[in-house]
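> Provided herewith is a single structure, encoded as structure tokens, for subsequent inquiry.
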2 protein chains.
Amino acid sequence: MPRYECVAISGVGLIGGSVGLALREKKLAAEIVGFGSRPATLEAALAVGAITRAAPDVRSAVVAAQVVVVCAPVGAIVEQVRQIAQQCPPGTLITDAGSTKAEIVAAIEQLERQKSWPSGVTFVGAHPLAGNDKRGPQHADARLFAGRLVVITPTASTSAQAVRQATKFWQALGAITREMSPDEHDRALAMTSHLPHLIAACVAGATPAEFLPLTASGWQDTTRIAGGDPAMWRQIMLANREHLLAAFEGFAGNLEAWRRALESADGPALENLLAEAKRVRDSANGAPGPTS
Amino acid sequence: MPRYECVAISGVGLIGGSVGLALREKKLAAEIVGFGSRPATLEAALAVGAITRAAPDVRSAVVAAQVVVVCAPVGAIVEQVRQIAQQCPPGTLITDAGSTKAEIVAAIEQLERQKSWPSGVTFVGAHPLAGNDKRGPQHADARLFAGRLVVITPTASTSAQAVRQATKFWQALGAITREMSPDEHDRALAMTSHLPHLIAACVAGATPAEFLPLTASGWQDTTRIAGGDPAMWRQIMLANREHLLAAFEGFAGNLEAWRRALESADGPALENLLAEAKRVRDSANGAPGPTS
């Protein structure tokens, strides 16, 4: 017997579609309901088997769900959670897959303190460090979360039971989970994800078109994530603006050391900087792979 | 009958070993002689079949060679070419695989104008935009140059016949060739290879160790080339210091636009920067793959 009667997924693109495929492959849910604003995406998710049913509206999607996973762009998550909560049966767990957490979790906790929030419905923030530069359910993968880290971001007011439920849900998809506060998460991800995206985009944007035929794997690797969706990344960068600016300043300070070494043709200083970077890079080789 | 009686390769690591394997797979040379300072590397190259013989010294390596390929670190190429030229029979073509060209080509042209340079021996600079972050002949690949760009960097004083010979040699390995002046090459590669390396290393070096478990494919891709050999990259950066500083300033100017957009929380400006980067990145997707 599957663990869940019904799981609903809002937004069945790469991440939401992979949640559905993993649930299906592991026979975790009797029903996997997809919902979202784009009919074509829902049809594609049905076609690849990521969902068992496409729901025409929020109510019919979540009315029987034990877990609702919100896989929407960062800027749309709070409003979706608000709408979903209104339609959920008591006992439903809502979790998300947003790349930033502090703003989202704080806004949802404010909703939870309002009278209109239904009793027995709980939200636990999450961020699966999995994904790639592709979009859409046609790229979804049942193994996307296998062995990957999902950060769970409870606060002092999150019920311990809900945290356990969310942890079990993501672990059931194959993920390793780790609890962090929303702010800790955002500070770390500013450095490990949002700044690299900004820098990759800056390198790509600074490259004159006539030089592109002279790029090879170094440039290709360094700029790969710059191929990501601009509207999505705008939301992420704005939602995590303060931590991103702090990470930016750290990077800019490091960059000054490189400039000084180059300007003064200081070979030993350059080699020290290169060796320190290689040490960090090599020590990260055991870290989990693909992510957003 | 093979095209060459004997090709000699100085430095049989990833690039030199791949030259040997390609020559062998395509049956282009009756004898492929490796030489270099590390006996273990020569033994490994013999073991993988990248060379047919390891020579104990320069003289015995090149005395019968029609082509000598110098696959040494940038800082060692000029002195190796000087030593090799002294031992070559008339008619020998010397080419190289160095990632920078202006300094190397100028220094070798100065040697060629000296009386001690043997008549009939010619040098044509080259840079195969192929490679990866691995080292050593055990990672060599007969298909490393297949469909990849090799930039040939003749000057006004390079004989047209030597340029034709060098072009045919690299094309025979499967490469596409393109002629550029050494300075043009270095200006372009500063932007497409040396700056991305510096930036990747700067991102890696700026990442606190405690955040490494929270990295995923974005960080991994962006910092991949930072795993390269520090001593080798120090030489490349110093040899192409002026063009690299110019590329650095272009990048820093672009970075300022990102900082302003972030500081002022200017969503449309951020999205424009992201979209422009994506446009450049996507338009480069047809460009050749792996490189140094």
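Letters A, B, ... mark the chains of the structure tokens in the order given; residue numbers begin at 1 per chain; ligand numbers begin at 1, in order shown.
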Could you find all residues in range 26-107 of chain B that DSSP calls strand (DSSP E or B) from the backbone, and write them as JSON, numbers by chain?

{"B": [29, 30, 31, 32, 33, 34, 35, 53, 54, 67, 68, 69, 70, 93, 94, 95, 96]}

> For the residues selected in the previous step, produce a file with all heavy atoms as a compact mmCIF listing (two decimals), in the first residue's frame.


# COMPACT_ATOMS: atom_id res chain seq x y z
N ALA B 29 51.97 8.13 -38.71
CA ALA B 29 53.42 8.16 -38.51
C ALA B 29 53.96 6.75 -38.25
O ALA B 29 53.39 6.00 -37.45
CB ALA B 29 53.77 9.07 -37.33
N ALA B 30 55.06 6.42 -38.92
CA ALA B 30 55.68 5.11 -38.71
C ALA B 30 56.27 5.04 -37.31
O ALA B 30 56.18 4.02 -36.63
CB ALA B 30 56.78 4.86 -39.76
N GLU B 31 56.88 6.15 -36.88
CA GLU B 31 57.47 6.19 -35.54
C GLU B 31 56.98 7.43 -34.80
O GLU B 31 56.93 8.52 -35.37
CB GLU B 31 59.01 6.21 -35.65
CG GLU B 31 59.67 5.76 -34.38
CD GLU B 31 61.20 5.87 -34.46
OE1 GLU B 31 61.73 6.61 -35.31
OE2 GLU B 31 61.86 5.22 -33.64
N ILE B 32 56.60 7.24 -33.54
CA ILE B 32 56.17 8.36 -32.70
C ILE B 32 57.06 8.35 -31.47
O ILE B 32 56.95 7.47 -30.62
CB ILE B 32 54.69 8.24 -32.29
CG1 ILE B 32 53.78 8.07 -33.52
CG2 ILE B 32 54.25 9.46 -31.48
CD1 ILE B 32 52.38 7.54 -33.20
N VAL B 33 57.96 9.33 -31.40
CA VAL B 33 58.95 9.33 -30.34
C VAL B 33 58.58 10.35 -29.27
O VAL B 33 58.33 11.51 -29.57
CB VAL B 33 60.35 9.69 -30.90
CG1 VAL B 33 61.41 9.55 -29.80
CG2 VAL B 33 60.68 8.83 -32.09
N GLY B 34 58.52 9.91 -28.02
CA GLY B 34 58.25 10.83 -26.92
C GLY B 34 59.52 11.18 -26.19
O GLY B 34 60.42 10.36 -26.08
N PHE B 35 59.62 12.41 -25.73
CA PHE B 35 60.72 12.77 -24.83
C PHE B 35 60.25 13.82 -23.84
O PHE B 35 59.22 14.46 -24.04
CB PHE B 35 61.98 13.21 -25.60
CG PHE B 35 61.83 14.44 -26.46
CD1 PHE B 35 62.52 15.61 -26.15
CD2 PHE B 35 61.02 14.44 -27.59
CE1 PHE B 35 62.42 16.75 -26.95
CE2 PHE B 35 60.91 15.57 -28.40
CZ PHE B 35 61.60 16.72 -28.07
N ARG B 53 58.17 4.94 -28.98
CA ARG B 53 59.51 4.88 -28.38
C ARG B 53 59.69 6.07 -27.47
O ARG B 53 59.23 7.17 -27.79
CB ARG B 53 60.58 4.90 -29.49
CG ARG B 53 62.00 4.86 -29.00
CD ARG B 53 62.98 4.54 -30.15
NE ARG B 53 63.12 5.61 -31.13
CZ ARG B 53 63.99 6.62 -31.01
NH1 ARG B 53 64.77 6.72 -29.95
NH2 ARG B 53 64.08 7.53 -31.96
N ALA B 54 60.33 5.86 -26.32
CA ALA B 54 60.70 6.95 -25.43
C ALA B 54 62.18 7.24 -25.64
O ALA B 54 63.00 6.32 -25.57
CB ALA B 54 60.42 6.58 -23.98
N VAL B 67 58.38 16.21 -38.03
CA VAL B 67 57.62 17.18 -37.24
C VAL B 67 57.95 16.96 -35.77
O VAL B 67 58.01 15.81 -35.31
CB VAL B 67 56.09 17.01 -37.44
CG1 VAL B 67 55.31 18.03 -36.59
CG2 VAL B 67 55.71 17.14 -38.91
N VAL B 68 58.18 18.05 -35.04
CA VAL B 68 58.34 17.98 -33.59
C VAL B 68 57.24 18.85 -32.96
O VAL B 68 57.08 20.01 -33.34
CB VAL B 68 59.72 18.50 -33.13
CG1 VAL B 68 59.87 18.35 -31.61
CG2 VAL B 68 60.84 17.78 -33.87
N VAL B 69 56.47 18.25 -32.05
CA VAL B 69 55.39 18.98 -31.39
C VAL B 69 55.79 19.23 -29.94
O VAL B 69 56.04 18.28 -29.19
CB VAL B 69 54.08 18.16 -31.42
CG1 VAL B 69 52.90 19.03 -30.97
CG2 VAL B 69 53.81 17.60 -32.80
N VAL B 70 55.84 20.50 -29.56
CA VAL B 70 56.26 20.86 -28.21
C VAL B 70 55.02 21.08 -27.34
O VAL B 70 54.31 22.07 -27.50
CB VAL B 70 57.17 22.11 -28.22
CG1 VAL B 70 57.60 22.47 -26.80
CG2 VAL B 70 58.37 21.88 -29.13
N LEU B 93 59.74 20.63 -39.25
CA LEU B 93 58.77 21.61 -38.77
C LEU B 93 58.64 21.44 -37.26
O LEU B 93 58.40 20.32 -36.78
CB LEU B 93 57.41 21.37 -39.42
CG LEU B 93 56.24 22.15 -38.81
CD1 LEU B 93 56.31 23.62 -39.21
CD2 LEU B 93 54.90 21.55 -39.21
N ILE B 94 58.76 22.54 -36.53
CA ILE B 94 58.48 22.51 -35.10
C ILE B 94 57.18 23.28 -34.86
O ILE B 94 57.01 24.38 -35.38
CB ILE B 94 59.63 23.15 -34.27
CG1 ILE B 94 60.98 22.51 -34.62
CG2 ILE B 94 59.35 22.99 -32.77
CD1 ILE B 94 62.18 23.18 -33.93
N THR B 95 56.26 22.69 -34.13
CA THR B 95 55.04 23.40 -33.77
C THR B 95 54.83 23.19 -32.26
O THR B 95 55.55 22.42 -31.62
CB THR B 95 53.83 22.94 -34.61
OG1 THR B 95 52.69 23.76 -34.31
CG2 THR B 95 53.47 21.50 -34.36
N ASP B 96 53.90 23.93 -31.68
CA ASP B 96 53.69 23.80 -30.24
C ASP B 96 52.20 23.78 -29.92
O ASP B 96 51.37 23.85 -30.83
CB ASP B 96 54.40 24.93 -29.47
CG ASP B 96 53.62 26.24 -29.52
OD1 ASP B 96 52.99 26.52 -30.57
OD2 ASP B 96 53.62 26.99 -28.53

> When you count only C-alpha atoms, which of these residues is closest to chain B: A:Gln235, A:Ser283, A:Asn272, A:Ser217?

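Looking only at the distances to chain B, the closest residue turns out to be A:Ser217.
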
> What's around Val121 in chain B at 12 Å? Count only C-alpha atoms, leave out sequence neighbours fewer than 5 positions away in its own chain, and write the answer as a compact mmCIF listing (two decimals) with N, CA, C and O atoms, in the first residue's frame.


# COMPACT_ATOMS: atom_id res chain seq x y z
N VAL B 62 64.74 13.76 -31.84
CA VAL B 62 64.35 14.58 -32.99
C VAL B 62 65.22 14.38 -34.22
O VAL B 62 64.90 14.91 -35.29
N ALA B 65 63.18 13.28 -37.04
CA ALA B 65 61.78 13.73 -37.07
C ALA B 65 61.49 14.71 -38.20
O ALA B 65 62.29 15.59 -38.50
N GLN B 66 60.34 14.54 -38.83
CA GLN B 66 59.89 15.54 -39.80
C GLN B 66 59.08 16.63 -39.11
O GLN B 66 59.06 17.77 -39.53
N VAL B 67 58.38 16.21 -38.03
CA VAL B 67 57.62 17.18 -37.24
C VAL B 67 57.95 16.96 -35.77
O VAL B 67 58.01 15.81 -35.31
N VAL B 68 58.18 18.05 -35.04
CA VAL B 68 58.34 17.98 -33.59
C VAL B 68 57.24 18.85 -32.96
O VAL B 68 57.08 20.01 -33.34
N VAL B 81 62.25 24.75 -27.67
CA VAL B 81 62.36 24.91 -29.12
C VAL B 81 63.81 25.21 -29.50
O VAL B 81 64.34 24.68 -30.48
N ARG B 82 64.49 26.02 -28.69
CA ARG B 82 65.90 26.35 -28.96
C ARG B 82 66.74 25.07 -28.96
O ARG B 82 67.52 24.82 -29.89
N ILE B 84 65.72 21.93 -29.27
CA ILE B 84 65.27 20.99 -30.30
C ILE B 84 65.82 21.40 -31.66
O ILE B 84 66.33 20.56 -32.42
N ALA B 85 65.74 22.70 -31.96
CA ALA B 85 66.17 23.19 -33.28
C ALA B 85 67.64 22.83 -33.55
O ALA B 85 68.01 22.50 -34.69
N GLN B 86 68.46 22.86 -32.49
CA GLN B 86 69.90 22.56 -32.67
C GLN B 86 70.13 21.13 -33.14
O GLN B 86 71.18 20.82 -33.70
N GLN B 87 69.17 20.23 -32.89
CA GLN B 87 69.39 18.82 -33.16
C GLN B 87 68.58 18.32 -34.36
O GLN B 87 68.67 17.15 -34.71
N CYS B 88 67.78 19.21 -34.96
CA CYS B 88 66.90 18.78 -36.04
C CYS B 88 67.60 18.70 -37.38
O CYS B 88 68.45 19.53 -37.67
N PRO B 89 67.19 17.76 -38.22
CA PRO B 89 67.67 17.77 -39.60
C PRO B 89 67.00 18.92 -40.35
O PRO B 89 65.90 19.35 -39.97
N PRO B 90 67.61 19.44 -41.42
CA PRO B 90 66.98 20.48 -42.23
C PRO B 90 65.63 19.99 -42.74
O PRO B 90 65.48 18.81 -43.05
N GLY B 91 64.67 20.90 -42.80
CA GLY B 91 63.34 20.53 -43.27
C GLY B 91 62.37 20.21 -42.17
O GLY B 91 61.17 20.04 -42.41
N THR B 92 62.84 20.12 -40.93
CA THR B 92 61.94 19.79 -39.82
C THR B 92 61.02 20.96 -39.49
O THR B 92 61.43 22.11 -39.45
N LEU B 93 59.74 20.63 -39.25
CA LEU B 93 58.77 21.61 -38.77
C LEU B 93 58.64 21.44 -37.26
O LEU B 93 58.40 20.32 -36.78
N ILE B 94 58.76 22.54 -36.53
CA ILE B 94 58.48 22.51 -35.10
C ILE B 94 57.18 23.28 -34.86
O ILE B 94 57.01 24.38 -35.38
N THR B 95 56.26 22.69 -34.13
CA THR B 95 55.04 23.40 -33.77
C THR B 95 54.83 23.19 -32.26
O THR B 95 55.55 22.42 -31.62
N ILE B 108 60.86 33.14 -30.19
CA ILE B 108 61.41 32.15 -31.13
C ILE B 108 61.84 32.84 -32.43
O ILE B 108 62.86 32.47 -33.03
N GLU B 109 61.12 33.86 -32.85
CA GLU B 109 61.55 34.58 -34.06
C GLU B 109 62.88 35.26 -33.83
O GLU B 109 63.70 35.38 -34.76
N LEU B 111 65.23 34.00 -31.92
CA LEU B 111 66.18 32.88 -32.06
C LEU B 111 66.45 32.59 -33.53
O LEU B 111 67.59 32.34 -33.93
N GLU B 112 65.38 32.62 -34.33
CA GLU B 112 65.51 32.28 -35.76
C GLU B 112 66.40 33.27 -36.51
O GLU B 112 66.97 32.94 -37.55
N ARG B 113 66.49 34.49 -35.97
CA ARG B 113 67.32 35.50 -36.63
C ARG B 113 68.80 35.37 -36.24
O ARG B 113 69.66 36.02 -36.80
N SER B 116 73.04 30.95 -34.90
CA SER B 116 73.05 29.58 -34.38
C SER B 116 71.81 28.78 -34.78
O SER B 116 71.77 27.57 -34.61
N THR B 158 56.91 34.18 -41.17
CA THR B 158 56.77 32.72 -41.23
C THR B 158 56.60 32.30 -42.70
O THR B 158 55.81 32.90 -43.42
N SER B 159 57.33 31.28 -43.13
CA SER B 159 57.23 30.86 -44.53
C SER B 159 55.86 30.24 -44.79
O SER B 159 55.32 29.51 -43.95
N GLN B 161 55.10 27.93 -46.74
CA GLN B 161 55.18 26.47 -46.81
C GLN B 161 55.10 25.85 -45.42
O GLN B 161 54.41 24.85 -45.21
N ALA B 162 55.77 26.48 -44.46
CA ALA B 162 55.73 25.97 -43.09
C ALA B 162 54.32 26.07 -42.52
O ALA B 162 53.85 25.18 -41.81

> Do me a favour and pick out the residues of chain B within 6 Å of chain A, using only C-alpha atoms, as JSON, numbers by chain.

{"B": [188, 192, 196, 201, 204, 205, 206, 211, 212, 213, 215, 216, 217, 219, 221, 222, 226, 227, 230, 234, 251, 271, 274, 275, 277, 278, 281, 284, 287, 288, 289, 290, 291]}

> Write a file of the just-selected residues containing N, CA and C atoms, as a CSV table (one decimal), in the first residue's frame.


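part.csv, written as the output of this step:
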chain,number,residue,atom,x,y,z
B,188,ALA,N,42.0,37.4,-27.7
B,188,ALA,CA,40.7,36.7,-27.7
B,188,ALA,C,40.8,35.6,-26.5
B,192,THR,N,38.3,34.5,-23.5
B,192,THR,CA,37.5,33.2,-23.6
B,192,THR,C,38.1,32.1,-22.7
B,196,PRO,N,38.1,33.5,-17.7
B,196,PRO,CA,37.2,32.6,-17.0
B,196,PRO,C,37.9,31.7,-16.0
B,201,ALA,N,38.5,30.6,-10.4
B,201,ALA,CA,39.4,30.4,-9.2
B,201,ALA,C,39.0,31.4,-8.1
B,204,ALA,N,35.8,30.0,-6.4
B,204,ALA,CA,36.2,28.9,-5.5
B,204,ALA,C,36.9,29.4,-4.3
B,205,GLY,N,37.9,30.3,-4.5
B,205,GLY,CA,38.7,30.8,-3.3
B,205,GLY,C,37.9,31.6,-2.4
B,206,ALA,N,36.8,32.2,-2.8
B,206,ALA,CA,35.9,33.0,-2.0
B,206,ALA,C,34.9,32.2,-1.2
B,211,PHE,N,30.6,26.0,3.8
B,211,PHE,CA,29.5,26.1,2.8
B,211,PHE,C,29.6,25.0,1.7
B,212,LEU,N,30.8,24.3,1.6
B,212,LEU,CA,31.0,23.4,0.5
B,212,LEU,C,29.9,22.3,0.4
B,213,PRO,N,29.4,21.8,1.5
B,213,PRO,CA,28.4,20.7,1.4
B,213,PRO,C,27.1,21.3,0.8
B,215,THR,N,27.0,23.2,-1.9
B,215,THR,CA,27.2,23.5,-3.3
B,215,THR,C,26.6,22.4,-4.2
B,216,ALA,N,26.2,22.8,-5.4
B,216,ALA,CA,25.7,21.8,-6.3
B,216,ALA,C,26.1,22.1,-7.7
B,217,SER,N,25.4,21.7,-8.7
B,217,SER,CA,26.0,21.7,-10.1
B,217,SER,C,26.3,23.2,-10.5
B,219,TRP,N,27.6,25.7,-8.7
B,219,TRP,CA,28.9,26.0,-8.2
B,219,TRP,C,30.0,25.1,-8.9
B,221,ASP,N,30.0,23.6,-11.8
B,221,ASP,CA,30.3,23.9,-13.2
B,221,ASP,C,31.1,25.2,-13.2
B,222,THR,N,30.7,26.2,-12.5
B,222,THR,CA,31.3,27.5,-12.5
B,222,THR,C,32.8,27.5,-12.1
B,226,ALA,N,38.9,25.7,-12.0
B,226,ALA,CA,39.8,26.1,-10.9
B,226,ALA,C,40.6,24.9,-10.4
B,227,GLY,N,40.2,23.7,-10.8
B,227,GLY,CA,41.0,22.5,-10.4
B,227,GLY,C,42.2,22.3,-11.2
B,230,PRO,N,48.0,24.9,-10.8
B,230,PRO,CA,48.4,26.3,-10.4
B,230,PRO,C,49.7,26.8,-11.1
B,234,ARG,N,49.7,29.9,-13.6
B,234,ARG,CA,50.5,31.1,-13.3
B,234,ARG,C,51.3,31.5,-14.5
B,251,PHE,N,35.4,42.9,-17.6
B,251,PHE,CA,34.6,42.1,-16.7
B,251,PHE,C,34.2,43.0,-15.4
B,271,GLU,N,17.0,41.8,-14.7
B,271,GLU,CA,16.5,40.8,-15.7
B,271,GLU,C,17.2,41.1,-17.1
B,274,LEU,N,20.6,39.5,-17.0
B,274,LEU,CA,20.4,38.1,-17.0
B,274,LEU,C,20.1,37.6,-18.4
B,275,ALA,N,19.2,38.4,-19.1
B,275,ALA,CA,18.7,38.0,-20.4
B,275,ALA,C,19.9,38.2,-21.5
B,277,ALA,N,23.1,37.9,-20.8
B,277,ALA,CA,24.0,36.8,-20.6
B,277,ALA,C,23.5,35.6,-21.2
B,278,LYS,N,22.2,35.3,-21.0
B,278,LYS,CA,21.6,34.1,-21.6
B,278,LYS,C,21.7,34.1,-23.1
B,281,ARG,N,25.2,33.3,-23.9
B,281,ARG,CA,25.5,31.8,-23.6
B,281,ARG,C,24.8,30.9,-24.6
B,284,ALA,N,26.4,30.6,-28.0
B,284,ALA,CA,27.7,30.0,-28.0
B,284,ALA,C,27.5,28.4,-27.9
B,287,ALA,N,29.4,26.4,-30.4
B,287,ALA,CA,30.8,26.5,-30.4
B,287,ALA,C,31.5,25.2,-30.0
B,288,PRO,N,32.7,24.9,-30.4
B,288,PRO,CA,33.4,23.7,-30.0
B,288,PRO,C,33.4,23.5,-28.5
B,289,GLY,N,33.6,22.2,-28.1
B,289,GLY,CA,33.5,21.8,-26.7
B,289,GLY,C,34.8,22.0,-25.9
B,290,PRO,N,35.2,20.9,-25.2
B,290,PRO,CA,36.3,20.9,-24.2
B,290,PRO,C,37.6,21.6,-24.7
B,291,THR,N,38.2,22.3,-23.8
B,291,THR,CA,39.4,23.0,-24.1
B,291,THR,C,40.2,23.4,-22.8

> Which residues are near range 141-145 of chain A? Cut-off 6 Å, only C-alpha atoms, ignore same chain within fewer than 3 positions. Put them as a short mmCIF file (atom, residue, chain, number, x, y, z; two decimals) with all heavy atoms, in the first residue's frame.


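Saved the output as result_24.cif:
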data_model
loop_
_atom_site.label_atom_id
_atom_site.label_comp_id
_atom_site.auth_asym_id
_atom_site.auth_seq_id
_atom_site.Cartn_x
_atom_site.Cartn_y
_atom_site.Cartn_z
N SER A 18 9.87 15.99 -11.52
CA SER A 18 10.77 14.98 -10.94
C SER A 18 10.23 14.46 -9.62
O SER A 18 10.40 13.29 -9.29
CB SER A 18 12.17 15.57 -10.77
OG SER A 18 12.72 15.92 -12.03
N LEU A 21 7.65 11.95 -10.75
CA LEU A 21 8.25 10.71 -11.26
C LEU A 21 8.85 9.87 -10.14
O LEU A 21 8.74 8.64 -10.15
CB LEU A 21 9.34 11.04 -12.29
CG LEU A 21 8.88 11.45 -13.70
CD1 LEU A 21 10.10 11.73 -14.58
CD2 LEU A 21 8.02 10.35 -14.34
N ALA A 22 9.47 10.54 -9.16
CA ALA A 22 10.07 9.80 -8.05
C ALA A 22 8.98 9.14 -7.20
O ALA A 22 9.11 7.98 -6.80
CB ALA A 22 10.93 10.74 -7.19
N ARG A 148 20.86 13.56 -3.19
CA ARG A 148 21.06 15.01 -3.17
C ARG A 148 20.56 15.59 -1.86
O ARG A 148 19.70 15.02 -1.20
CB ARG A 148 20.32 15.67 -4.35
CG ARG A 148 20.84 15.24 -5.68
CD ARG A 148 22.29 15.69 -5.87
NE ARG A 148 22.96 14.89 -6.89
CZ ARG A 148 22.76 15.05 -8.19
NH1 ARG A 148 21.93 15.96 -8.62
NH2 ARG A 148 23.40 14.28 -9.04
N GLY A 174 14.41 9.99 -2.00
CA GLY A 174 15.81 9.60 -2.18
C GLY A 174 16.81 10.63 -1.69
O GLY A 174 18.02 10.41 -1.74
N ALA A 175 16.30 11.77 -1.19
CA ALA A 175 17.19 12.86 -0.80
C ALA A 175 17.79 12.64 0.59
O ALA A 175 17.26 11.90 1.41
CB ALA A 175 16.44 14.18 -0.82
#

> Determine which residues of range 36-196 of chain B receive a DSSP assignment of alpha helix (DSSP H), computed from the backbone, and state them as a PyMOL selection string.

chain B and resi 39-48+58-62+77-87+102-112+160-172+182-189+195-196

> Calculate how many Å separate CA of Gly13 in chain A from CA of Arg38 in chain A, rounding to one decimal.

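Answer for the CA of Gly13 in chain A to CA of Arg38 in chain A separation: 10.1 Å.
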